[in-house]
Every structure is written in C-alpha cells, then in structure tokens.
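Student: Once you've had a glance at the structure underneath, I'll fire off some questions.
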Amino acid sequence: MNHTEQKVFDNAAPIVEKLNFKLIEVAFVKEGKDHFLRLYLDKKGGITLEDCAAASEVISEKLDEWEIIKGAYFLDVSSPGAERPIKNDDDLELTLDNGIYVKTYQHINGEKEWTGVLKSYDEDTVTVEYKDKAKKKTISIERKKIATLRKAVLI
C-alpha cells in the first residue's frame with residue numbers, strides 16, 4: 001500500500017470493525033481522468049450490498065473529516081470477491097465453514113488440488129472437508145506445502 005492507502009486503512013479499519021466488518025484492502029487508483037478510492041470489506045458468511053452501502057455512508061463522512069485525499073475522487077466500497085486469495089489468519093477465520101480451494105506444490109495422496117469446506121486451521125495446517133465422488137473426506141494439509149489458497153464458491 002502507498003502512503004495514502006495506508007492512512008485510509010489505518011483510520012477506516014476501526015470504524016469498519018465497529019460495523020462488524022473486516023477491512024481487507026484499500027486501493028487509491030487513477031483510471032482515465034478519474035480517481036477511485038476502493039475499500040474492500042468482508043465478514044463471516046460474506047459481505048452484502050446492504051453492508052457495503054451502510055459502510056460507504058459512514059466512511060464517506062469520516063473521509064471528509066480526515067482530509068487525507070485532496071481533490072475529487074469516487075468512493076467504492078465492495079466485496080473483495082467471492083474467490084479472492086486468502087492472505088492471512090484473519091482471512092482464514094472469515095472462511096471457516098465456508099468454501100475454500102487449496103493447491104499444493106506437490107502431490108499428497110495422489111492429489112494436488114482440493115475444493116471443499118474449511119473445517120479448521122492452525123499455525124501449521126489447514127483442514128478441508130471435500131467430496132471424493134460420493135464420499136466426504138477430510139484432509140489436513142501442511143501450510144508450508146500450500147501453493148495457492150483462496151475462497152471458493154461451492155455449488
């Protein structure tokens with residue numbers, strides 16, 4: 001994050017948490033002639049359009065008070081995406097009992113990819129419940145062996 005994004009993040013995160021949301025990322029970008037300040041929020045079970053609208057209203061007022069950004073810009077408060085990468089333990093906590101995709105560097109029991117439900121995690125492992133044909137199975141994967149970890153939409 002650049003300096004502006006970090007200042008917005010540091011100021012907005014406690015406000016977002018009071019709304020029971022988690023601030024995932026802040027991006028301040030120029031697209032064409034316009035500037036956009038994008039705040040990506042999440043919560044257990046996923047963020048809704050109504051959640052984003054409520055947060056946008058509160059944050060918009062505060063941004064005017066903070067005077068971090070000079071000049072005109074558009075504020076965009078949204079979800080970071082249904083299948084976004086999982087970057088840290090906070091993201092894992094938000095993903096518990098929800099869909100997850102795991103890809104490892106090497107095969108484990110003949111497989112390298114699993115899509116299922118995140119059942120638990122700790123400092124060393126991630127445990128996923130997945131379907132193998134008609135059977136439900138569980139696998140605990142060492143975190144150091146994980147190449148890709150992201151949220152997944154389960155059908």
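In the structure tokens, each chain is lettered A, B, ... as it comes, each chain's residues begin at 1, and ligands are numbered from 1 in order of appearance.
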Which residues, written as a PyMOL selection string, have at least one atom at most 8 Å from segment 63-70 of chain A, with only C-alpha atoms counted and residues fewer than 4 positions away on the same chain left out?

Tutor: chain A and resi 4+7-8+59

Student: Compile the contact shell of Leu41 of chain A as a list in words: residues with an atom at most 6 Å away, counting only C-alpha atoms, same-chain residues fewer than 2 positions apart removed.

Tutor: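 In the requested format, the answer is Lys22, Leu23, Ile24 and Ser79 of chain A.
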
Student: Take the residues from that selection and write them out as an mmCIF file, in the first residue's frame, keeping N, CA, C and O atoms.

Tutor:
data_model
loop_
_atom_site.group_PDB
_atom_site.id
_atom_site.type_symbol
_atom_site.label_atom_id
_atom_site.label_comp_id
_atom_site.auth_asym_id
_atom_site.auth_seq_id
_atom_site.Cartn_x
_atom_site.Cartn_y
_atom_site.Cartn_z
ATOM 1 N N LYS A 22 -14.716 -6.514 8.330
ATOM 2 C CA LYS A 22 -13.260 -6.522 8.321
ATOM 3 C C LYS A 22 -12.799 -5.780 7.073
ATOM 4 O O LYS A 22 -13.234 -6.090 5.959
ATOM 5 N N LEU A 23 -11.924 -4.787 7.256
ATOM 6 C CA LEU A 23 -11.342 -4.085 6.121
ATOM 7 C C LEU A 23 -10.199 -4.945 5.588
ATOM 8 O O LEU A 23 -9.239 -5.214 6.296
ATOM 9 N N ILE A 24 -10.330 -5.379 4.358
ATOM 10 C CA ILE A 24 -9.360 -6.291 3.750
ATOM 11 C C ILE A 24 -8.264 -5.528 3.014
ATOM 12 O O ILE A 24 -7.086 -5.847 3.127
ATOM 13 N N SER A 79 -17.107 -5.865 -1.926
ATOM 14 C CA SER A 79 -16.544 -7.150 -1.532
ATOM 15 C C SER A 79 -15.222 -7.344 -2.266
ATOM 16 O O SER A 79 -15.076 -6.905 -3.406
#

Student: Considering only C-alpha atoms, state which residue in the set A:Glu129, A:Glu25, A:Asp10, A:Glu113 is at the smallest distance from Asp91 of chain A.

Tutor: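 Distance minimum relative to Asp91 of chain A lands on A:Glu25.
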
Student: Using only C-alpha atoms, which of A:Asp132, A:Asp89, A:Glu17, A:Asp97 sits nearest Ala152 of chain A?

Tutor: A:Asp97

Student: How many Å separate atom CA of Tyr40 of chain A from atom CA of Ser78 of chain A?

Tutor: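 Taking atom CA of Tyr40 of chain A as the start and atom CA of Ser78 of chain A as the end point, the length is 5.1 Å.
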
Student: Select, from A:Tyr101, A:Phe36, A:Tyr121, A:Phe28, the residue with the minimum atom-to-atom distance to Tyr73 of chain A, counting only C-alpha atoms.

Tutor: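 Smallest separation from Tyr73 of chain A among the options: A:Phe36.
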
Student: Using only C-alpha atoms, which protein or nucleic acid residues come within 8 Å of Ser140 of chain A? Drop anything in the same chain fewer than 6 positions from it, and give the result as an mmCIF file with N, CA and C atoms, in the first residue's frame.

Tutor:
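In the end it all went to around_0.cif:
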data_model
loop_
_atom_site.group_PDB
_atom_site.id
_atom_site.type_symbol
_atom_site.label_atom_id
_atom_site.label_comp_id
_atom_site.auth_asym_id
_atom_site.auth_seq_id
_atom_site.Cartn_x
_atom_site.Cartn_y
_atom_site.Cartn_z
ATOM 1 N N THR A 125 -1.241 -26.167 9.866
ATOM 2 C CA THR A 125 -2.088 -26.919 8.931
ATOM 3 C C THR A 125 -3.404 -26.211 8.615
ATOM 4 N N VAL A 126 -3.977 -26.645 7.506
ATOM 5 C CA VAL A 126 -5.315 -26.243 7.081
ATOM 6 C C VAL A 126 -6.076 -27.544 6.850
ATOM 7 N N THR A 127 -7.271 -27.658 7.444
ATOM 8 C CA THR A 127 -8.058 -28.883 7.315
ATOM 9 C C THR A 127 -9.294 -28.604 6.476
ATOM 10 N N VAL A 128 -9.449 -29.404 5.419
ATOM 11 C CA VAL A 128 -10.521 -29.224 4.446
ATOM 12 C C VAL A 128 -11.360 -30.494 4.363
#

Student: Could you go through chain A and tell me which residues DSSP, when run on the backbone, assigns to strand (DSSP E), listing them as a count of residues only?

Tutor: 67

Student: Which residue is closest to Glu57 of chain A? Choose from A:Ile15, A:Ile86, A:Ile108, A:Val29 and count only C-alpha atoms.

Tutor: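 Checking each of A:Ile15, A:Ile86, A:Ile108, A:Val29 against Glu57 of chain A, counting only C-alpha atoms, the winner is A:Ile15.
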
Student: Suppose you want the space between atom CA of Val26 of chain A and atom CA of Gln6 of chain A; what is it in Å?

Tutor: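 Atom CA of Gln6 of chain A lies 7.6 Å from atom CA of Val26 of chain A.
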
Student: Based on the backbone DSSP call, show me all residues of chain A assigned alpha helix (DSSP H), as a PyMOL selection string.

Tutor: chain A and resi 3-18+49-66+89-95

Student: Could you turn the residues from that selection into a file that holds N, CA and C atoms, as a CSV table (one decimal), in the first residue's frame?

Tutor:
chain,number,residue,atom,x,y,z
A,3,HIS,N,1.3,5.5,0.8
A,3,HIS,CA,1.1,6.2,2.0
A,3,HIS,C,-0.4,6.6,2.2
A,4,THR,N,-1.0,7.1,1.1
A,4,THR,CA,-2.4,7.5,1.2
A,4,THR,C,-3.3,6.3,1.5
A,5,GLU,N,-3.1,5.2,0.9
A,5,GLU,CA,-3.9,4.0,1.1
A,5,GLU,C,-3.7,3.5,2.6
A,6,GLN,N,-2.4,3.6,3.1
A,6,GLN,CA,-2.2,3.1,4.4
A,6,GLN,C,-2.9,4.0,5.5
A,7,LYS,N,-2.9,5.3,5.2
A,7,LYS,CA,-3.5,6.3,6.1
A,7,LYS,C,-5.0,6.0,6.1
A,8,VAL,N,-5.6,5.8,5.0
A,8,VAL,CA,-7.1,5.5,4.9
A,8,VAL,C,-7.3,4.2,5.6
A,9,PHE,N,-6.5,3.2,5.4
A,9,PHE,CA,-6.7,1.9,6.0
A,9,PHE,C,-6.6,2.0,7.5
A,10,ASP,N,-5.6,2.7,8.0
A,10,ASP,CA,-5.4,2.8,9.5
A,10,ASP,C,-6.6,3.6,10.1
A,11,ASN,N,-7.2,4.5,9.5
A,11,ASN,CA,-8.3,5.3,10.0
A,11,ASN,C,-9.6,4.6,9.8
A,12,ALA,N,-9.8,3.9,8.7
A,12,ALA,CA,-11.1,3.2,8.4
A,12,ALA,C,-11.3,1.9,9.1
A,13,ALA,N,-10.2,1.2,9.4
A,13,ALA,CA,-10.3,-0.2,9.9
A,13,ALA,C,-11.1,-0.2,11.2
A,14,PRO,N,-10.8,0.6,12.2
A,14,PRO,CA,-11.6,0.6,13.5
A,14,PRO,C,-13.1,0.9,13.3
A,15,ILE,N,-13.4,1.8,12.3
A,15,ILE,CA,-14.7,2.2,12.1
A,15,ILE,C,-15.5,1.0,11.4
A,16,VAL,N,-14.8,0.4,10.5
A,16,VAL,CA,-15.4,-0.8,9.8
A,16,VAL,C,-15.6,-1.9,10.8
A,17,GLU,N,-14.7,-2.1,11.8
A,17,GLU,CA,-14.8,-3.2,12.8
A,17,GLU,C,-16.0,-2.9,13.7
A,18,LYS,N,-16.3,-1.7,14.0
A,18,LYS,CA,-17.5,-1.3,14.8
A,18,LYS,C,-18.8,-1.7,14.1
A,49,LEU,N,-24.5,-6.3,-0.4
A,49,LEU,CA,-24.7,-5.0,-1.0
A,49,LEU,C,-25.1,-4.0,0.1
A,50,GLU,N,-26.0,-4.4,0.9
A,50,GLU,CA,-26.5,-3.5,2.0
A,50,GLU,C,-25.4,-3.2,3.0
A,51,ASP,N,-24.6,-4.2,3.3
A,51,ASP,CA,-23.4,-3.9,4.2
A,51,ASP,C,-22.5,-2.9,3.6
A,52,CYS,N,-22.2,-3.0,2.3
A,52,CYS,CA,-21.3,-2.1,1.6
A,52,CYS,C,-21.9,-0.7,1.6
A,53,ALA,N,-23.2,-0.6,1.4
A,53,ALA,CA,-23.9,0.8,1.4
A,53,ALA,C,-23.8,1.4,2.8
A,54,ALA,N,-24.1,0.6,3.8
A,54,ALA,CA,-24.0,1.1,5.2
A,54,ALA,C,-22.6,1.6,5.5
A,55,ALA,N,-21.6,0.8,5.2
A,55,ALA,CA,-20.2,1.2,5.4
A,55,ALA,C,-19.8,2.4,4.6
A,56,SER,N,-20.2,2.5,3.4
A,56,SER,CA,-19.9,3.6,2.5
A,56,SER,C,-20.4,4.9,3.1
A,57,GLU,N,-21.6,4.9,3.6
A,57,GLU,CA,-22.2,6.1,4.2
A,57,GLU,C,-21.4,6.6,5.4
A,58,VAL,N,-21.0,5.7,6.3
A,58,VAL,CA,-20.2,6.1,7.5
A,58,VAL,C,-18.8,6.6,7.1
A,59,ILE,N,-18.2,5.8,6.2
A,59,ILE,CA,-16.8,6.1,5.8
A,59,ILE,C,-16.7,7.4,5.0
A,60,SER,N,-17.7,7.6,4.1
A,60,SER,CA,-17.7,8.9,3.3
A,60,SER,C,-17.7,10.1,4.2
A,61,GLU,N,-18.4,10.1,5.3
A,61,GLU,CA,-18.5,11.2,6.2
A,61,GLU,C,-17.1,11.4,6.9
A,62,LYS,N,-16.5,10.3,7.3
A,62,LYS,CA,-15.2,10.3,8.0
A,62,LYS,C,-14.1,10.8,7.1
A,63,LEU,N,-14.1,10.4,5.8
A,63,LEU,CA,-13.1,10.7,4.9
A,63,LEU,C,-13.0,12.3,4.7
A,64,ASP,N,-14.2,12.9,4.7
A,64,ASP,CA,-14.2,14.3,4.6
A,64,ASP,C,-13.6,15.0,5.8
A,65,GLU,N,-13.8,14.4,7.0
A,65,GLU,CA,-13.2,14.9,8.3
A,65,GLU,C,-11.7,14.7,8.3
A,66,TRP,N,-11.2,13.6,7.8
A,66,TRP,CA,-9.8,13.2,7.9
A,66,TRP,C,-8.9,14.0,6.9
A,89,ASP,N,-4.3,-15.3,8.6
A,89,ASP,CA,-5.2,-16.0,9.5
A,89,ASP,C,-6.5,-15.3,9.7
A,90,ASP,N,-6.5,-14.0,9.6
A,90,ASP,CA,-7.8,-13.3,9.6
A,90,ASP,C,-8.7,-13.7,8.5
A,91,ASP,N,-8.1,-13.9,7.3
A,91,ASP,CA,-8.9,-14.4,6.1
A,91,ASP,C,-9.4,-15.8,6.4
A,92,LEU,N,-8.5,-16.6,7.0
A,92,LEU,CA,-8.9,-18.0,7.3
A,92,LEU,C,-10.1,-18.0,8.2
A,93,GLU,N,-10.0,-17.2,9.2
A,93,GLU,CA,-11.1,-17.1,10.2
A,93,GLU,C,-12.4,-16.7,9.6
A,94,LEU,N,-12.4,-15.8,8.6
A,94,LEU,CA,-13.6,-15.4,7.9
A,94,LEU,C,-14.1,-16.5,7.0
A,95,THR,N,-13.2,-17.5,6.6
A,95,THR,CA,-13.6,-18.5,5.7
A,95,THR,C,-14.0,-19.8,6.4

Student: Provide the atom CA of Trp114 of chain A to atom CA of Lys43 of chain A distance in Å, to one decimal place.

Tutor: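 A separation of 23.3 Å between them.
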
Student: Of the candidates A:Met1, A:Ile139, A:Leu37, A:Val153, which one gets nearest to Gly81 of chain A if we count only C-alpha atoms?

Tutor: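 Distance minimum relative to Gly81 of chain A lands on A:Val153.
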